[in-house]
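Novice: The file below is query15.cif, mmCIF, C-alpha atoms, pLDDT in the B column; chains and numbers go by the auth columns:
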data_data
loop_
_atom_site.group_PDB
_atom_site.id
_atom_site.type_symbol
_atom_site.label_atom_id
_atom_site.label_comp_id
_atom_site.label_asym_id
_atom_site.label_seq_id
_atom_site.Cartn_x
_atom_site.Cartn_y
_atom_site.Cartn_z
_atom_site.B_iso_or_equiv
_atom_site.auth_seq_id
_atom_site.auth_asym_id
ATOM 1 C CA MET A 1 4.057 24.500 -2.536 73.00 293 M
ATOM 2 C CA PRO A 2 3.777 21.532 -4.927 93.00 294 M
ATOM 3 C CA ILE A 3 6.160 23.165 -7.420 97.00 295 M
ATOM 4 C CA HIS A 4 9.749 23.937 -6.363 98.00 296 M
ATOM 5 C CA TYR A 5 12.045 26.413 -8.108 98.00 297 M
ATOM 6 C CA GLU A 6 15.812 26.787 -7.923 98.00 298 M
ATOM 7 C CA LEU A 7 18.206 28.915 -9.967 98.00 299 M
ATOM 8 C CA SER A 8 21.881 27.987 -9.913 98.00 300 M
ATOM 9 C CA GLU A 9 24.637 28.745 -12.418 97.00 301 M
ATOM 10 C CA GLN A 10 22.042 30.157 -14.837 97.00 302 M
ATOM 11 C CA ILE A 11 20.109 26.868 -14.866 98.00 303 M
ATOM 12 C CA ALA A 12 16.586 26.976 -13.422 98.00 304 M
ATOM 13 C CA THR A 13 15.261 23.683 -12.052 98.00 305 M
ATOM 14 C CA VAL A 14 11.488 23.312 -11.760 98.00 306 M
ATOM 15 C CA THR A 15 10.406 20.283 -9.708 98.00 307 M
ATOM 16 C CA ILE A 16 6.852 18.925 -9.571 98.00 308 M
ATOM 17 C CA ASP A 17 6.174 17.661 -6.039 98.00 309 M
ATOM 18 C CA ARG A 18 2.694 16.148 -5.824 96.00 310 M
ATOM 19 C CA THR A 19 3.981 12.721 -4.905 95.00 311 M
ATOM 20 C CA GLU A 20 0.647 11.574 -3.501 93.00 312 M
ATOM 21 C CA ARG A 21 -0.641 11.749 -7.106 92.00 313 M
ATOM 22 C CA ARG A 22 2.605 10.577 -8.785 95.00 314 M
ATOM 23 C CA ASN A 23 3.058 14.268 -9.665 96.00 315 M
ATOM 24 C CA ALA A 24 -0.162 14.513 -11.666 95.00 316 M
ATOM 25 C CA LEU A 25 -1.077 18.175 -12.118 96.00 317 M
ATOM 26 C CA ASN A 26 -4.260 20.013 -11.271 93.00 318 M
ATOM 27 C CA LEU A 27 -5.015 23.540 -12.439 93.00 319 M
ATOM 28 C CA ASP A 28 -3.296 25.253 -9.507 94.00 320 M
ATOM 29 C CA SER A 29 -0.062 23.292 -9.874 96.00 321 M
ATOM 30 C CA LEU A 30 -0.140 23.715 -13.647 96.00 322 M
ATOM 31 C CA ASN A 31 -0.283 27.472 -13.117 96.00 323 M
ATOM 32 C CA GLU A 32 2.647 27.211 -10.695 98.00 324 M
ATOM 33 C CA VAL A 33 4.700 25.380 -13.320 98.00 325 M
ATOM 34 C CA ASP A 34 3.935 28.165 -15.783 98.00 326 M
ATOM 35 C CA ALA A 35 4.832 30.837 -13.225 98.00 327 M
ATOM 36 C CA SER A 36 8.156 29.100 -12.523 98.00 328 M
ATOM 37 C CA ILE A 37 9.026 28.971 -16.226 98.00 329 M
ATOM 38 C CA ARG A 38 8.239 32.663 -16.598 98.00 330 M
ATOM 39 C CA ARG A 39 10.245 33.454 -13.477 98.00 331 M
ATOM 40 C CA ALA A 40 13.241 31.572 -14.883 98.00 332 M
ATOM 41 C CA VAL A 41 13.228 33.659 -18.061 97.00 333 M
ATOM 42 C CA ASP A 42 12.708 36.894 -16.111 98.00 334 M
ATOM 43 C CA GLU A 43 15.638 36.073 -13.814 98.00 335 M
ATOM 44 C CA GLY A 44 18.003 35.464 -16.720 96.00 336 M
ATOM 45 C CA ALA A 45 18.217 31.679 -16.720 97.00 337 M
ATOM 46 C CA ARG A 46 20.028 30.366 -19.786 96.00 338 M
ATOM 47 C CA ALA A 47 18.494 26.891 -19.497 98.00 339 M
ATOM 48 C CA ILE A 48 15.512 25.327 -17.723 98.00 340 M
ATOM 49 C CA VAL A 49 15.243 21.769 -16.388 98.00 341 M
ATOM 50 C CA ILE A 50 11.811 20.343 -15.513 98.00 342 M
ATOM 51 C CA THR A 51 11.621 17.219 -13.347 98.00 343 M
ATOM 52 C CA GLY A 52 9.468 15.396 -10.795 98.00 344 M
ATOM 53 C CA ALA A 53 10.054 14.442 -7.170 98.00 345 M
ATOM 54 C CA ASP A 54 10.234 11.014 -5.570 96.00 346 M
ATOM 55 C CA GLY A 55 10.817 8.846 -8.613 97.00 347 M
ATOM 56 C CA HIS A 56 8.173 10.072 -11.053 98.00 348 M
ATOM 57 C CA PHE A 57 8.132 12.832 -13.662 98.00 349 M
ATOM 58 C CA CYS A 58 4.394 13.426 -14.093 98.00 350 M
ATOM 59 C CA ALA A 59 1.659 10.786 -14.305 96.00 351 M
ATOM 60 C CA GLY A 60 -0.675 13.130 -16.201 95.00 352 M
ATOM 61 C CA ALA A 61 -3.531 15.442 -15.359 92.00 353 M
ATOM 62 C CA ASP A 62 -5.161 14.951 -11.980 89.00 354 M
ATOM 63 C CA LEU A 63 -8.323 13.295 -13.299 76.00 355 M
ATOM 64 C CA SER A 64 -9.996 13.544 -9.909 75.00 356 M
ATOM 65 C CA GLU A 65 -10.295 17.291 -10.608 71.00 357 M
ATOM 66 C CA LEU A 66 -10.550 17.348 -14.420 67.00 358 M
ATOM 67 C CA GLU A 67 -14.121 18.291 -15.340 57.00 359 M
ATOM 68 C CA ASP A 68 -14.197 19.811 -18.818 65.00 360 M
ATOM 69 C CA VAL A 69 -12.210 21.298 -21.672 74.00 361 M
ATOM 70 C CA THR A 70 -11.342 24.448 -19.666 82.00 362 M
ATOM 71 C CA PHE A 71 -8.303 22.738 -18.148 87.00 363 M
ATOM 72 C CA THR A 72 -7.055 21.656 -21.568 86.00 364 M
ATOM 73 C CA GLU A 73 -7.352 25.201 -22.900 89.00 365 M
ATOM 74 C CA ARG A 74 -5.166 26.501 -20.079 94.00 366 M
ATOM 75 C CA LEU A 75 -2.802 23.561 -20.553 94.00 367 M
ATOM 76 C CA ALA A 76 -2.398 24.429 -24.241 94.00 368 M
ATOM 77 C CA GLU A 77 -1.352 27.964 -23.275 97.00 369 M
ATOM 78 C CA VAL A 78 1.208 26.689 -20.767 98.00 370 M
ATOM 79 C CA LEU A 79 2.683 24.153 -23.186 97.00 371 M
ATOM 80 C CA GLU A 80 2.942 26.587 -26.070 95.00 372 M
ATOM 81 C CA HIS A 81 4.701 29.081 -23.819 97.00 373 M
ATOM 82 C CA LEU A 82 7.091 26.399 -22.559 98.00 374 M
ATOM 83 C CA ALA A 83 7.976 25.446 -26.133 97.00 375 M
ATOM 84 C CA SER A 84 8.487 29.068 -27.147 94.00 376 M
ATOM 85 C CA VAL A 85 10.778 30.297 -24.367 97.00 377 M
ATOM 86 C CA PRO A 86 14.030 31.570 -25.936 94.00 378 M
ATOM 87 C CA VAL A 87 16.285 29.315 -23.854 97.00 379 M
ATOM 88 C CA THR A 88 17.054 25.593 -23.957 98.00 380 M
ATOM 89 C CA THR A 89 14.676 23.412 -21.943 98.00 381 M
ATOM 90 C CA VAL A 90 15.377 19.876 -20.709 98.00 382 M
ATOM 91 C CA ALA A 91 12.937 17.334 -19.250 98.00 383 M
ATOM 92 C CA ALA A 92 14.595 15.121 -16.611 98.00 384 M
ATOM 93 C CA ILE A 93 12.294 12.097 -16.563 98.00 385 M
ATOM 94 C CA PRO A 94 12.186 9.421 -13.854 98.00 386 M
ATOM 95 C CA GLY A 95 9.351 6.900 -13.600 98.00 387 M
ATOM 96 C CA ALA A 96 5.925 7.764 -14.961 98.00 388 M
ATOM 97 C CA CYS A 97 5.752 10.172 -17.922 98.00 389 M
ATOM 98 C CA MET A 98 2.186 9.840 -19.113 97.00 390 M
ATOM 99 C CA GLY A 99 -0.525 12.017 -20.568 96.00 391 M
ATOM 100 C CA LEU A 100 0.210 15.542 -19.397 97.00 392 M
ATOM 101 C CA GLY A 101 3.687 14.343 -18.434 98.00 393 M
ATOM 102 C CA MET A 102 4.310 13.462 -22.066 98.00 394 M
ATOM 103 C CA GLN A 103 3.014 16.891 -23.050 98.00 395 M
ATOM 104 C CA LEU A 104 5.528 18.563 -20.743 98.00 396 M
ATOM 105 C CA ALA A 105 8.271 16.296 -22.098 98.00 397 M
ATOM 106 C CA VAL A 106 7.548 17.201 -25.731 98.00 398 M
ATOM 107 C CA GLY A 107 7.205 20.855 -24.753 98.00 399 M
ATOM 108 C CA CYS A 108 10.894 20.736 -23.845 98.00 400 M
ATOM 109 C CA ASP A 109 13.726 20.830 -26.357 98.00 401 M
ATOM 110 C CA LEU A 110 15.592 17.818 -24.959 98.00 402 M
ATOM 111 C CA ARG A 111 14.836 14.827 -22.779 98.00 403 M
ATOM 112 C CA VAL A 112 16.857 12.734 -20.304 98.00 404 M
ATOM 113 C CA ALA A 113 15.359 9.623 -18.689 98.00 405 M
ATOM 114 C CA THR A 114 16.197 7.063 -16.042 98.00 406 M
ATOM 115 C CA ALA A 115 16.054 3.325 -16.753 98.00 407 M
ATOM 116 C CA ASP A 116 12.663 2.971 -15.050 98.00 408 M
ATOM 117 C CA ALA A 117 10.955 5.715 -17.102 98.00 409 M
ATOM 118 C CA ARG A 118 7.685 4.787 -18.784 98.00 410 M
ATOM 119 C CA PHE A 119 5.910 6.737 -21.516 98.00 411 M
ATOM 120 C CA ALA A 120 2.248 6.755 -22.539 98.00 412 M
ATOM 121 C CA VAL A 121 -0.485 8.846 -24.147 98.00 413 M
ATOM 122 C CA PRO A 122 -3.530 6.935 -22.816 95.00 414 M
ATOM 123 C CA VAL A 123 -6.258 9.116 -24.339 94.00 415 M
ATOM 124 C CA ALA A 124 -8.178 6.208 -25.891 94.00 416 M
ATOM 125 C CA LYS A 125 -8.497 4.611 -22.445 93.00 417 M
ATOM 126 C CA LEU A 126 -10.403 7.675 -21.247 89.00 418 M
ATOM 127 C CA GLY A 127 -12.330 8.770 -24.329 91.00 419 M
ATOM 128 C CA LEU A 128 -10.549 12.094 -24.677 87.00 420 M
ATOM 129 C CA MET A 129 -8.001 13.624 -27.057 90.00 421 M
ATOM 130 C CA VAL A 130 -4.870 15.713 -26.830 91.00 422 M
ATOM 131 C CA ASN A 131 -4.586 18.831 -28.950 91.00 423 M
ATOM 132 C CA TYR A 132 -2.956 18.836 -32.390 90.00 424 M
ATOM 133 C CA TRP A 133 0.181 20.502 -31.020 93.00 425 M
ATOM 134 C CA THR A 134 0.790 17.530 -28.722 96.00 426 M
ATOM 135 C CA LEU A 135 0.086 14.912 -31.367 95.00 427 M
ATOM 136 C CA ASP A 136 2.414 16.634 -33.810 94.00 428 M
ATOM 137 C CA ARG A 137 5.290 16.868 -31.342 96.00 429 M
ATOM 138 C CA VAL A 138 4.928 13.313 -30.017 98.00 430 M
ATOM 139 C CA THR A 139 4.960 12.102 -33.630 97.00 431 M
ATOM 140 C CA ARG A 140 8.019 14.154 -34.552 95.00 432 M
ATOM 141 C CA PHE A 141 10.024 13.397 -31.411 97.00 433 M
ATOM 142 C CA PHE A 142 9.111 9.737 -30.793 97.00 434 M
ATOM 143 C CA GLY A 143 8.405 8.686 -34.372 97.00 435 M
ATOM 144 C CA GLU A 144 5.046 8.084 -36.019 97.00 436 M
ATOM 145 C CA GLY A 145 4.969 4.342 -35.380 98.00 437 M
ATOM 146 C CA ALA A 146 5.550 4.746 -31.655 98.00 438 M
ATOM 147 C CA ALA A 147 3.095 7.660 -31.485 98.00 439 M
ATOM 148 C CA ARG A 148 0.349 5.602 -33.109 98.00 440 M
ATOM 149 C CA GLN A 149 1.137 2.675 -30.834 98.00 441 M
ATOM 150 C CA MET A 150 0.746 4.824 -27.718 98.00 442 M
ATOM 151 C CA VAL A 151 -2.263 6.848 -28.869 97.00 443 M
ATOM 152 C CA LEU A 152 -4.313 4.213 -30.712 97.00 444 M
ATOM 153 C CA CYS A 153 -3.453 1.114 -28.670 97.00 445 M
ATOM 154 C CA GLY A 154 -2.749 2.636 -25.258 96.00 446 M
ATOM 155 C CA GLU A 155 0.706 1.029 -25.147 98.00 447 M
ATOM 156 C CA VAL A 156 3.221 2.004 -22.476 98.00 448 M
ATOM 157 C CA LEU A 157 6.743 2.324 -23.896 98.00 449 M
ATOM 158 C CA THR A 158 9.926 1.876 -21.918 98.00 450 M
ATOM 159 C CA ALA A 159 13.086 3.908 -21.463 98.00 451 M
ATOM 160 C CA ASP A 160 14.810 1.476 -23.814 98.00 452 M
ATOM 161 C CA ASP A 161 12.167 2.203 -26.459 98.00 453 M
ATOM 162 C CA ALA A 162 12.610 5.939 -25.941 98.00 454 M
ATOM 163 C CA TRP A 163 16.396 5.653 -26.266 98.00 455 M
ATOM 164 C CA ARG A 164 16.250 3.383 -29.327 98.00 456 M
ATOM 165 C CA LEU A 165 13.809 5.691 -31.114 98.00 457 M
ATOM 166 C CA GLY A 166 15.637 8.908 -30.242 98.00 458 M
ATOM 167 C CA PHE A 167 12.981 10.382 -27.965 98.00 459 M
ATOM 168 C CA ILE A 168 15.517 10.845 -25.185 98.00 460 M
ATOM 169 C CA GLN A 169 18.962 12.307 -25.805 98.00 461 M
ATOM 170 C CA LYS A 170 20.709 11.090 -22.648 98.00 462 M
ATOM 171 C CA GLN A 171 20.201 8.264 -20.159 98.00 463 M
ATOM 172 C CA GLY A 172 20.390 9.120 -16.479 98.00 464 M
ATOM 173 C CA GLY A 173 18.951 11.264 -13.726 98.00 465 M
ATOM 174 C CA LEU A 174 18.734 14.932 -12.819 98.00 466 M
ATOM 175 C CA ASP A 175 22.501 15.350 -12.671 98.00 467 M
ATOM 176 C CA VAL A 176 22.809 14.190 -16.279 98.00 468 M
ATOM 177 C CA ALA A 177 19.984 16.518 -17.325 98.00 469 M
ATOM 178 C CA ARG A 178 21.627 19.469 -15.601 98.00 470 M
ATOM 179 C CA ALA A 179 24.949 18.639 -17.249 98.00 471 M
ATOM 180 C CA LEU A 180 23.226 18.630 -20.636 98.00 472 M
ATOM 181 C CA ALA A 181 21.522 21.955 -19.835 98.00 473 M
ATOM 182 C CA ALA A 182 24.897 23.396 -18.797 98.00 474 M
ATOM 183 C CA LYS A 183 26.200 22.831 -22.322 97.00 475 M
ATOM 184 C CA ALA A 184 23.617 25.331 -23.606 96.00 476 M
ATOM 185 C CA VAL A 185 24.374 28.043 -21.043 95.00 477 M
ATOM 186 C CA PRO A 186 27.494 29.631 -22.640 93.00 478 M
ATOM 187 C CA LEU A 187 26.264 29.436 -26.245 90.00 479 M
ATOM 188 C CA ALA A 188 24.839 32.246 -28.402 89.00 480 M
ATOM 189 C CA PRO A 189 21.344 33.178 -27.148 89.00 481 M
ATOM 190 C CA LEU A 190 20.084 34.654 -30.425 88.00 482 M
ATOM 191 C CA SER A 191 21.224 31.604 -32.342 88.00 483 M
ATOM 192 C CA GLN A 192 19.437 29.294 -29.939 91.00 484 M
ATOM 193 C CA ALA A 193 16.225 31.337 -29.869 89.00 485 M
ATOM 194 C CA GLY A 194 16.152 31.680 -33.643 86.00 486 M
ATOM 195 C CA SER A 195 16.826 27.993 -34.206 88.00 487 M
ATOM 196 C CA LYS A 196 13.929 27.078 -31.922 89.00 488 M
ATOM 197 C CA ILE A 197 11.622 29.164 -34.111 85.00 489 M
ATOM 198 C CA GLY A 198 12.869 27.280 -37.150 85.00 490 M
ATOM 199 C CA PHE A 199 12.308 23.874 -35.569 86.00 491 M
ATOM 200 C CA ASP A 200 8.682 24.685 -34.760 82.00 492 M
ATOM 201 C CA HIS A 201 7.298 24.747 -38.280 69.00 493 M
ATOM 202 C CA GLN A 202 3.525 24.789 -38.604 66.00 494 M
ATOM 203 C CA PRO A 203 1.418 22.266 -40.569 60.00 495 M
ATOM 204 C CA HIS A 204 -1.352 23.307 -42.942 65.00 496 M
ATOM 205 C CA ALA A 205 -4.192 25.226 -41.294 64.00 497 M
ATOM 206 C CA GLU A 206 -6.810 22.976 -42.926 65.00 498 M
ATOM 207 C CA ASP A 207 -5.339 19.897 -41.256 61.00 499 M
ATOM 208 C CA ILE A 208 -5.348 21.642 -37.889 68.00 500 M
ATOM 209 C CA SER A 209 -8.984 22.725 -38.230 77.00 501 M
ATOM 210 C CA ARG A 210 -10.127 19.180 -39.028 70.00 502 M
ATOM 211 C CA TYR A 211 -8.296 17.845 -36.006 69.00 503 M
ATOM 212 C CA GLU A 212 -9.702 20.587 -33.764 78.00 504 M
ATOM 213 C CA ALA A 213 -13.239 19.653 -34.839 79.00 505 M
ATOM 214 C CA ALA A 214 -12.592 16.036 -33.848 73.00 506 M
ATOM 215 C CA PHE A 215 -11.061 17.272 -30.568 76.00 507 M
ATOM 216 C CA GLN A 216 -14.251 19.192 -29.711 83.00 508 M
ATOM 217 C CA ARG A 217 -16.423 16.174 -30.529 80.00 509 M
ATOM 218 C CA ALA A 218 -14.391 13.931 -28.232 80.00 510 M
ATOM 219 C CA TRP A 219 -14.551 16.379 -25.343 82.00 511 M
ATOM 220 C CA ALA A 220 -18.339 16.672 -25.702 84.00 512 M
ATOM 221 C CA SER A 221 -18.902 12.913 -25.985 86.00 513 M
ATOM 222 C CA GLU A 222 -20.676 10.370 -23.807 86.00 514 M
ATOM 223 C CA ASP A 223 -17.508 8.289 -24.068 82.00 515 M
ATOM 224 C CA LEU A 224 -15.539 10.942 -22.178 79.00 516 M
ATOM 225 C CA ALA A 225 -18.128 10.933 -19.371 83.00 517 M
ATOM 226 C CA GLU A 226 -17.915 7.133 -19.290 84.00 518 M
ATOM 227 C CA GLY A 227 -14.110 7.218 -19.221 81.00 519 M
ATOM 228 C CA GLN A 228 -14.070 9.634 -16.302 80.00 520 M
ATOM 229 C CA ALA A 229 -16.705 7.648 -14.401 85.00 521 M
ATOM 230 C CA ALA A 230 -14.830 4.393 -14.939 85.00 522 M
ATOM 231 C CA PHE A 231 -11.585 5.971 -13.762 81.00 523 M
ATOM 232 C CA GLY A 232 -13.212 7.148 -10.536 85.00 524 M
ATOM 233 C CA GLN A 233 -14.912 3.775 -9.989 89.00 525 M
ATOM 234 C CA ARG A 234 -11.753 1.804 -10.852 86.00 526 M
ATOM 235 C CA ARG A 235 -13.437 -0.250 -13.553 91.00 527 M
ATOM 236 C CA THR A 236 -12.937 -0.859 -17.269 90.00 528 M
ATOM 237 C CA PRO A 237 -14.857 1.717 -19.368 87.00 529 M
ATOM 238 C CA GLU A 238 -17.370 0.690 -22.016 85.00 530 M
ATOM 239 C CA PHE A 239 -17.111 2.994 -25.041 81.00 531 M
ATOM 240 C CA HIS A 240 -19.747 3.276 -27.774 80.00 532 M
ATOM 241 C CA GLY A 241 -18.381 6.008 -30.027 70.00 533 M
ATOM 242 C CA ARG A 242 -20.904 8.659 -29.163 80.00 534 M
#
Output the file's structure as structure tokens, nothing else.
Specialist:
Amino acid sequence: MPIHYELSEQIATVTIDRTERRNALNLDSLNEVDASIRRAVDEGARAIVITGADGHFCAGADLSELEDVTFTERLAEVLEHLASVPVTTVAAIPGACMGLGMQLAVGCDLRVATADARFAVPVAKLGLMVNYWTLDRVTRFFGEGAARQMVLCGEVLTADDAWRLGFIQKQGGLDVARALAAKAVPLAPLSQAGSKIGFDHQPHAEDISRYEAAFQRAWASEDLAEGQAAFGQRRTPEFHGR
């Protein structure tokens, strides 16, 4: 099983273990992550920690298996459910946290990272887009300047950047993340669940619809096909905006 689950002292730990792909997720493992999150809530966990095995959090979607927008639609469901669970969630981030890894990180309430953590949203390198939900949360949690730097320029930011800009709340490994999660365990559940609803305000529907139209165009583009082909052939893509 590429996804491991453990419940101890009312803290559920979900570990991505696809180390041969730097913990990049395919559809099956994405569904396992979702099942583990649901299991944690069903079993009465008061906090959930998500991490990755062998020195990496999650290097993104497994692009060797990503074919069309179907995966992203399922991903959106998983992320929205992760963000909406009524308990505190913590991402414990070592190493690579890129693409889908960043989406998991912003789906959590809090983030802890090791000194070697690296953060990126490399959509422009592949000719694709993330959904509005992701863009909104990366902007709010990392800051708009850093979000634009990652999304528009393909920049990889460091753990120091993430700490300086407030994206991560603690520095350290899984033990630090679990200690942070433990602080949430004895607190008032209704207060926590209600506060999470308040944090997740929604932008104007018109803005979302415009972004969704651009999202559909990108996923139907020749540039996306070129980005995927270049990735598989290990070459630099040539984009033409169509």
Novice: Taking the file as shown, find all residues satisfying the PyMOL selection byres ((chain M and resi 440-453) around 9) and write them as a ChimeraX atom specification.
Specialist: /M:390,405-417,427,431,435-439,454-460,463
Novice: Sorted by chain and rising residue number, which residues of range 387-484 of chain M lie within 10 Å of range 360-366 of chain M, and what are their closest atom pairs and distances in Å to one decimal, counting only C-alpha atoms, as a tab-separated table?
Specialist:
residue	atom	partner	partner_atom	distance
M:Leu392	CA	M:Thr364	CA	9.7
M:Leu420	CA	M:Val361	CA	9.8
M:Met421	CA	M:Thr364	CA	9.8
M:Val422	CA	M:Thr364	CA	8.2
M:Asn423	CA	M:Thr364	CA	8.3
Novice: Using the file's own x, y and z axes, what box holds all listed atoms of range 303-308 of chain M with 3 Å on each side, keeping edges along x, y and z, and what are its centre and edge lengths in Å to one decimal, as AutoDock Vina command-line options?
Specialist:
--center_x 13.5 --center_y 23.0 --center_z -12.2 --size_x 19.3 --size_y 14.1 --size_z 11.3
Novice: Take the point (13.1, 28.5, -19.4) as written in the file and pick out every residue within 12 Å of it, counting all atoms listed in the file; give the list as a PyMOL selection string.
Specialist: chain M and resi 297-299+302-306+325-342+371+373-383+399-401+473+476-477+485
Novice: For the interface of range 350-465 of chain M with range 312-320 of chain M (cut-off 8 Å, counting all atoms listed in the file), please tabulate each contacting residue of range 350-465 of chain M alongside its nearest pair of atoms and their separation in Å to one decimal, rows sorted by chain and increasing number, as a tab-separated table.
Specialist:
residue	atom	partner	partner_atom	distance
M:Cys350	CA	M:Asn315	CA	4.7
M:Ala351	CA	M:Ala316	CA	4.9
M:Gly352	CA	M:Ala316	CA	4.8
M:Ala353	CA	M:Leu317	CA	4.9
M:Asp354	CA	M:Ala316	CA	5.0
M:Glu357	CA	M:Asn318	CA	6.7
M:Leu358	CA	M:Asn318	CA	7.5
M:Phe363	CA	M:Leu319	CA	6.6
M:Ala388	CA	M:Arg314	CA	7.6
M:Leu392	CA	M:Ala316	CA	7.8
M:Gly393	CA	M:Ala316	CA	7.8
Novice: Convert the current residue selection to file output with C-alpha atoms, as a PDB file, in the coordinates of the input.
Specialist:
ATOM      1  CA  CYS M 350       4.394  13.426 -14.093  1.00 98.00           C
ATOM      2  CA  ALA M 351       1.659  10.786 -14.305  1.00 96.00           C
ATOM      3  CA  GLY M 352      -0.675  13.130 -16.201  1.00 95.00           C
ATOM      4  CA  ALA M 353      -3.531  15.442 -15.359  1.00 92.00           C
ATOM      5  CA  ASP M 354      -5.161  14.951 -11.980  1.00 89.00           C
ATOM      6  CA  GLU M 357     -10.295  17.291 -10.608  1.00 71.00           C
ATOM      7  CA  LEU M 358     -10.550  17.348 -14.420  1.00 67.00           C
ATOM      8  CA  PHE M 363      -8.303  22.738 -18.148  1.00 87.00           C
ATOM      9  CA  ALA M 388       5.925   7.764 -14.961  1.00 98.00           C
ATOM     10  CA  LEU M 392       0.210  15.542 -19.397  1.00 97.00           C
ATOM     11  CA  GLY M 393       3.687  14.343 -18.434  1.00 98.00           C
TER      12      GLY M 393
END
Novice: Interatomic distance between CA of Val370 in chain M and CA of Asn323 in chain M?
Specialist: 7.8 Å
Novice: Translate the PyMOL selection byres ((chain M and resi 523) around 12) into a concrete residue list for this structure, as number ranges by chain.
Specialist: M: 354-358, 417-419, 516-522, 524-530
Novice: List, as a PyMOL selection string, every residue that the PyMOL selection byres ((chain M and resi 294) around 10) selects in the file provided.
Specialist: chain M and resi 293+295-296+307-311+315+317+320-322+324-325+345
Novice: With distances taken over only C-alpha atoms, which of M:Gln484, M:Glu504, M:Gly391, M:Leu396 is nearest to Gly344 in chain M?
Specialist: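 The closest residue to Gly344 in chain M is M:Leu396.
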Novice: One number please: CA of Ile385 in chain M to CA of Val404 in chain M, in Å, one decimal.
Specialist: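 About the pair CA of Ile385 in chain M and CA of Val404 in chain M: they are 5.9 Å apart.
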Novice: Would you please work out which residue, of M:Ser483, M:Leu466, M:Thr426, M:Glu301, is nearest to Phe349 in chain M when using all atoms listed in the file?
Specialist: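 For Phe349 in chain M, the nearest of the given residues is M:Leu466.
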Novice: In terms of the shortest atom-to-atom distance over all atoms listed in the file, which of M:His348, M:Arg429, M:Arg509, M:Arg403 is closest to Glu372 in chain M?
Specialist: M:Arg429
Novice: Would you please work out which residue, of M:Phe433, M:Ser300, M:Gly486, M:His532, is nearest to Ala510 in chain M when using all atoms listed in the file?
Specialist: M:His532
Novice: CA of Leu482 in chain M to CA of Val398 in chain M: how many Å, to one decimal?
Specialist: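 Rounded to one decimal, the two atoms are 22.0 Å apart.
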Novice: Give me range 474-488 of chain M with N, CA and C atoms filled in, as a compact mmCIF listing (two decimals), in the coordinates of the input.
Specialist:
# COMPACT_ATOMS: atom_id res chain seq x y z
N ALA M 474 23.73 22.53 -18.97
CA ALA M 474 24.90 23.40 -18.80
C ALA M 474 25.64 23.62 -20.11
N LYS M 475 25.54 22.66 -21.03
CA LYS M 475 26.20 22.83 -22.32
C LYS M 475 25.58 23.97 -23.12
N ALA M 476 24.30 24.26 -22.87
CA ALA M 476 23.62 25.33 -23.61
C ALA M 476 23.89 26.72 -23.03
N VAL M 477 24.27 26.77 -21.75
CA VAL M 477 24.37 28.04 -21.04
C VAL M 477 25.34 29.03 -21.71
N PRO M 478 26.56 28.63 -22.11
CA PRO M 478 27.49 29.63 -22.64
C PRO M 478 27.33 29.92 -24.13
N LEU M 479 26.38 29.29 -24.80
CA LEU M 479 26.26 29.44 -26.24
C LEU M 479 25.45 30.67 -26.63
N ALA M 480 25.43 30.99 -27.92
CA ALA M 480 24.84 32.25 -28.40
C ALA M 480 23.32 32.26 -28.24
N PRO M 481 22.78 33.15 -27.41
CA PRO M 481 21.34 33.18 -27.15
C PRO M 481 20.49 33.43 -28.39
N LEU M 482 20.90 34.35 -29.24
CA LEU M 482 20.08 34.65 -30.42
C LEU M 482 20.07 33.48 -31.40
N SER M 483 21.17 32.79 -31.49
CA SER M 483 21.22 31.60 -32.34
C SER M 483 20.28 30.52 -31.83
N GLN M 484 20.30 30.31 -30.53
CA GLN M 484 19.44 29.29 -29.94
C GLN M 484 17.96 29.66 -30.10
N ALA M 485 17.62 30.91 -29.78
CA ALA M 485 16.23 31.34 -29.87
C ALA M 485 15.73 31.28 -31.31
N GLY M 486 16.55 31.72 -32.24
CA GLY M 486 16.15 31.68 -33.64
C GLY M 486 16.01 30.27 -34.17
N SER M 487 16.90 29.39 -33.77
CA SER M 487 16.83 27.99 -34.21
C SER M 487 15.56 27.32 -33.69
N LYS M 488 15.15 27.66 -32.46
CA LYS M 488 13.93 27.08 -31.92
C LYS M 488 12.71 27.49 -32.75
